[in-house]
Amino acid sequence: MIGFPKLAAKANAQLYTSAPALALFNIPDDRDETFIQAGRKVQRFWLVLTKLGLSAQPVTGALYIHMRIQSGDTDD
């Protein structure tokens, strides 16, 4: 009703186009164990970047919402 999806998409587009690099973690399936393993790898990646004096911002919320919708979970 207030146009949040368009606002979020615009903000995300600005963030992505201004970033000097992007990292993508691809997972083979949607099992709970796979998500846990992927989360650990993302966290390790983030910690190593920080140790090297670099920074990163994980962007996962929109991806998880999309996956929930794809799986048919539209109750919320």
# chains A, B, ... in the order shown; residues from 1 in each chain; ligands from 1
>>> select_by_dssp(residues="chain A", states="helix (DSSP H, G or I)", output="ChimeraX atom specification")
/A:4-18,32-51,61-70
>>> residues_around(residues="Ile65 (chain A)", least_positions_apart="5", cutoff="12 Å", atoms="only C-alpha atoms", output="number ranges by chain")
A: 5, 59-60, 70-76
>>> closest_residue(among="A:Asp30, A:Ser18, A:Val42, A:Leu47", to="Arg68 (chain A)", atoms="only C-alpha atoms")
A:Asp30
>>> residues_around(residues="Gly39 (chain A)", least_positions_apart="4", cutoff="12 Å", atoms="only C-alpha atoms", output="count of residues only")
13
>>> atom_distance(atom1="CA of Leu52 (chain A)", atom2="CA of Gln14 (chain A)")
25.4 Å
>>> residues_around(residues="Leu22 (chain A)", least_positions_apart="6", cutoff="12 Å", atoms="only C-alpha atoms", output="list in words")
Leu15, Tyr16, Ser55, Ala56, Gln57, Pro58 and Val59 of chain A
>>> write_last_selection(atoms="all heavy atoms", output="CSV table (one decimal), in the first residue's frame")
chain,number,residue,atom,x,y,z
A,15,LEU,N,22.6,0.3,-4.1
A,15,LEU,CA,23.7,-0.4,-3.3
A,15,LEU,C,24.5,-1.3,-4.2
A,15,LEU,O,25.7,-1.3,-4.2
A,15,LEU,CB,23.1,-1.2,-2.2
A,15,LEU,CG,24.0,-2.1,-1.4
A,15,LEU,CD1,25.0,-1.2,-0.6
A,15,LEU,CD2,23.2,-3.0,-0.4
A,16,TYR,N,23.8,-2.1,-5.0
A,16,TYR,CA,24.5,-3.1,-5.9
A,16,TYR,C,25.4,-2.4,-7.0
A,16,TYR,O,26.4,-2.8,-7.3
A,16,TYR,CB,23.5,-4.0,-6.6
A,16,TYR,CG,22.7,-4.8,-5.6
A,16,TYR,CD1,21.4,-5.2,-6.0
A,16,TYR,CD2,23.1,-5.2,-4.4
A,16,TYR,CE1,20.6,-6.0,-5.1
A,16,TYR,CE2,22.4,-5.9,-3.5
A,16,TYR,CZ,21.1,-6.4,-3.9
A,16,TYR,OH,20.4,-7.1,-3.0
A,55,SER,N,35.3,-4.8,4.2
A,55,SER,CA,34.0,-4.8,4.7
A,55,SER,C,33.0,-5.4,3.7
A,55,SER,O,33.2,-5.3,2.5
A,55,SER,CB,33.5,-3.4,5.2
A,55,SER,OG,33.5,-2.5,4.1
A,56,ALA,N,31.9,-5.9,4.2
A,56,ALA,CA,30.9,-6.4,3.4
A,56,ALA,C,29.5,-6.3,4.1
A,56,ALA,O,29.5,-6.3,5.4
A,56,ALA,CB,31.2,-7.9,3.1
A,57,GLN,N,28.5,-6.3,3.4
A,57,GLN,CA,27.1,-6.3,4.0
A,57,GLN,C,26.4,-7.4,3.4
A,57,GLN,O,26.1,-7.4,2.2
A,57,GLN,CB,26.4,-4.9,3.7
A,57,GLN,CG,25.0,-4.9,4.2
A,57,GLN,CD,25.0,-5.0,5.7
A,57,GLN,OE1,25.7,-4.4,6.4
A,57,GLN,NE2,24.1,-5.9,6.2
A,58,PRO,N,26.0,-8.4,4.2
A,58,PRO,CA,25.2,-9.5,3.7
A,58,PRO,C,23.8,-9.0,3.3
A,58,PRO,O,23.2,-8.2,3.9
A,58,PRO,CB,25.1,-10.5,4.9
A,58,PRO,CG,26.0,-10.0,5.9
A,58,PRO,CD,26.3,-8.6,5.6
A,59,VAL,N,23.4,-9.5,2.1
A,59,VAL,CA,22.0,-9.1,1.6
A,59,VAL,C,21.3,-10.4,1.4
A,59,VAL,O,21.5,-11.1,0.4
A,59,VAL,CB,22.1,-8.3,0.3
A,59,VAL,CG1,20.8,-8.0,-0.2
A,59,VAL,CG2,23.0,-7.1,0.5
>>> atom_distance(atom1="CA of Asn12 (chain A)", atom2="CA of Ala62 (chain A)")
9.8 Å
>>> atom_distance(atom1="CA of Leu49 (chain A)", atom2="CA of Gly61 (chain A)")
20.8 Å
>>> decode(residues="region 44-55 of chain A", atoms="all heavy atoms", output="PDB file, in the first residue's frame")
ATOM      1  N   ARG A  44      31.948 -17.237   7.774  1.00  0.00           N
ATOM      2  CA  ARG A  44      33.405 -17.380   7.686  1.00  0.00           C
ATOM      3  C   ARG A  44      33.966 -16.379   6.683  1.00  0.00           C
ATOM      4  O   ARG A  44      34.967 -15.715   6.936  1.00  0.00           O
ATOM      5  CB  ARG A  44      33.771 -18.819   7.282  1.00  0.00           C
ATOM      6  CG  ARG A  44      35.248 -19.049   6.989  1.00  0.00           C
ATOM      7  CD  ARG A  44      36.175 -18.779   8.143  1.00  0.00           C
ATOM      8  NE  ARG A  44      35.762 -19.487   9.341  1.00  0.00           N
ATOM      9  CZ  ARG A  44      36.201 -19.203  10.566  1.00  0.00           C
ATOM     10  NH1 ARG A  44      37.068 -18.238  10.743  1.00  0.00           N
ATOM     11  NH2 ARG A  44      35.786 -19.876  11.599  1.00  0.00           N
ATOM     12  N   PHE A  45      33.309 -16.252   5.536  1.00  0.00           N
ATOM     13  CA  PHE A  45      33.710 -15.293   4.503  1.00  0.00           C
ATOM     14  C   PHE A  45      33.729 -13.883   5.085  1.00  0.00           C
ATOM     15  O   PHE A  45      34.681 -13.126   4.920  1.00  0.00           O
ATOM     16  CB  PHE A  45      32.737 -15.388   3.325  1.00  0.00           C
ATOM     17  CG  PHE A  45      32.997 -14.421   2.207  1.00  0.00           C
ATOM     18  CD1 PHE A  45      34.035 -14.627   1.327  1.00  0.00           C
ATOM     19  CD2 PHE A  45      32.182 -13.320   2.029  1.00  0.00           C
ATOM     20  CE1 PHE A  45      34.265 -13.738   0.276  1.00  0.00           C
ATOM     21  CE2 PHE A  45      32.400 -12.433   0.993  1.00  0.00           C
ATOM     22  CZ  PHE A  45      33.448 -12.644   0.113  1.00  0.00           C
ATOM     23  N   TRP A  46      32.676 -13.522   5.806  1.00  0.00           N
ATOM     24  CA  TRP A  46      32.544 -12.201   6.410  1.00  0.00           C
ATOM     25  C   TRP A  46      33.649 -11.965   7.443  1.00  0.00           C
ATOM     26  O   TRP A  46      34.259 -10.899   7.489  1.00  0.00           O
ATOM     27  CB  TRP A  46      31.167 -12.092   7.046  1.00  0.00           C
ATOM     28  CG  TRP A  46      30.698 -10.713   7.381  1.00  0.00           C
ATOM     29  CD1 TRP A  46      31.328  -9.519   7.126  1.00  0.00           C
ATOM     30  CD2 TRP A  46      29.482 -10.371   8.020  1.00  0.00           C
ATOM     31  NE1 TRP A  46      30.571  -8.479   7.572  1.00  0.00           N
ATOM     32  CE2 TRP A  46      29.427  -8.974   8.126  1.00  0.00           C
ATOM     33  CE3 TRP A  46      28.429 -11.113   8.527  1.00  0.00           C
ATOM     34  CZ2 TRP A  46      28.365  -8.314   8.718  1.00  0.00           C
ATOM     35  CZ3 TRP A  46      27.371 -10.435   9.103  1.00  0.00           C
ATOM     36  CH2 TRP A  46      27.339  -9.058   9.191  1.00  0.00           C
ATOM     37  N   LEU A  47      33.925 -12.967   8.253  1.00  0.00           N
ATOM     38  CA  LEU A  47      34.967 -12.833   9.269  1.00  0.00           C
ATOM     39  C   LEU A  47      36.357 -12.670   8.645  1.00  0.00           C
ATOM     40  O   LEU A  47      37.177 -11.876   9.118  1.00  0.00           O
ATOM     41  CB  LEU A  47      34.954 -14.029  10.215  1.00  0.00           C
ATOM     42  CG  LEU A  47      33.745 -14.109  11.148  1.00  0.00           C
ATOM     43  CD1 LEU A  47      33.726 -15.455  11.861  1.00  0.00           C
ATOM     44  CD2 LEU A  47      33.746 -12.960  12.142  1.00  0.00           C
ATOM     45  N   VAL A  48      36.637 -13.412   7.589  1.00  0.00           N
ATOM     46  CA  VAL A  48      37.936 -13.294   6.914  1.00  0.00           C
ATOM     47  C   VAL A  48      38.070 -11.905   6.293  1.00  0.00           C
ATOM     48  O   VAL A  48      39.127 -11.266   6.398  1.00  0.00           O
ATOM     49  CB  VAL A  48      38.114 -14.403   5.855  1.00  0.00           C
ATOM     50  CG1 VAL A  48      39.317 -14.127   4.968  1.00  0.00           C
ATOM     51  CG2 VAL A  48      38.250 -15.759   6.523  1.00  0.00           C
ATOM     52  N   LEU A  49      37.017 -11.410   5.650  1.00  0.00           N
ATOM     53  CA  LEU A  49      37.065 -10.059   5.096  1.00  0.00           C
ATOM     54  C   LEU A  49      37.381  -9.033   6.178  1.00  0.00           C
ATOM     55  O   LEU A  49      38.222  -8.153   5.994  1.00  0.00           O
ATOM     56  CB  LEU A  49      35.734  -9.690   4.439  1.00  0.00           C
ATOM     57  CG  LEU A  49      35.428 -10.287   3.082  1.00  0.00           C
ATOM     58  CD1 LEU A  49      34.044  -9.843   2.612  1.00  0.00           C
ATOM     59  CD2 LEU A  49      36.473  -9.914   2.062  1.00  0.00           C
ATOM     60  N   THR A  50      36.686  -9.153   7.303  1.00  0.00           N
ATOM     61  CA  THR A  50      36.894  -8.221   8.411  1.00  0.00           C
ATOM     62  C   THR A  50      38.321  -8.292   8.916  1.00  0.00           C
ATOM     63  O   THR A  50      38.955  -7.261   9.172  1.00  0.00           O
ATOM     64  CB  THR A  50      35.898  -8.518   9.549  1.00  0.00           C
ATOM     65  OG1 THR A  50      34.569  -8.411   9.038  1.00  0.00           O
ATOM     66  CG2 THR A  50      36.078  -7.567  10.705  1.00  0.00           C
ATOM     67  N   LYS A  51      38.854  -9.494   9.049  1.00  0.00           N
ATOM     68  CA  LYS A  51      40.237  -9.665   9.509  1.00  0.00           C
ATOM     69  C   LYS A  51      41.223  -9.006   8.543  1.00  0.00           C
ATOM     70  O   LYS A  51      42.257  -8.493   8.952  1.00  0.00           O
ATOM     71  CB  LYS A  51      40.554 -11.151   9.649  1.00  0.00           C
ATOM     72  CG  LYS A  51      41.895 -11.443  10.259  1.00  0.00           C
ATOM     73  CD  LYS A  51      42.084 -12.924  10.488  1.00  0.00           C
ATOM     74  CE  LYS A  51      43.420 -13.204  11.165  1.00  0.00           C
ATOM     75  NZ  LYS A  51      43.599 -14.625  11.430  1.00  0.00           N
ATOM     76  N   LEU A  52      40.876  -8.996   7.265  1.00  0.00           N
ATOM     77  CA  LEU A  52      41.733  -8.379   6.248  1.00  0.00           C
ATOM     78  C   LEU A  52      41.523  -6.867   6.148  1.00  0.00           C
ATOM     79  O   LEU A  52      42.141  -6.201   5.318  1.00  0.00           O
ATOM     80  CB  LEU A  52      41.473  -9.028   4.886  1.00  0.00           C
ATOM     81  CG  LEU A  52      41.857 -10.491   4.755  1.00  0.00           C
ATOM     82  CD1 LEU A  52      41.372 -11.065   3.430  1.00  0.00           C
ATOM     83  CD2 LEU A  52      43.371 -10.659   4.893  1.00  0.00           C
ATOM     84  N   GLY A  53      40.644  -6.336   6.988  1.00  0.00           N
ATOM     85  CA  GLY A  53      40.379  -4.897   6.963  1.00  0.00           C
ATOM     86  C   GLY A  53      39.401  -4.475   5.884  1.00  0.00           C
ATOM     87  O   GLY A  53      39.304  -3.295   5.554  1.00  0.00           O
ATOM     88  N   LEU A  54      38.685  -5.442   5.325  1.00  0.00           N
ATOM     89  CA  LEU A  54      37.686  -5.149   4.299  1.00  0.00           C
ATOM     90  C   LEU A  54      36.302  -5.185   4.932  1.00  0.00           C
ATOM     91  O   LEU A  54      36.134  -5.612   6.067  1.00  0.00           O
ATOM     92  CB  LEU A  54      37.787  -6.175   3.169  1.00  0.00           C
ATOM     93  CG  LEU A  54      39.158  -6.249   2.487  1.00  0.00           C
ATOM     94  CD1 LEU A  54      39.206  -7.438   1.534  1.00  0.00           C
ATOM     95  CD2 LEU A  54      39.460  -4.966   1.745  1.00  0.00           C
ATOM     96  N   SER A  55      35.324  -4.752   4.199  1.00  0.00           N
ATOM     97  CA  SER A  55      33.970  -4.782   4.745  1.00  0.00           C
ATOM     98  C   SER A  55      33.006  -5.361   3.725  1.00  0.00           C
ATOM     99  O   SER A  55      33.248  -5.332   2.520  1.00  0.00           O
ATOM    100  CB  SER A  55      33.523  -3.383   5.160  1.00  0.00           C
ATOM    101  OG  SER A  55      33.515  -2.520   4.052  1.00  0.00           O
TER     102      SER A  55
END
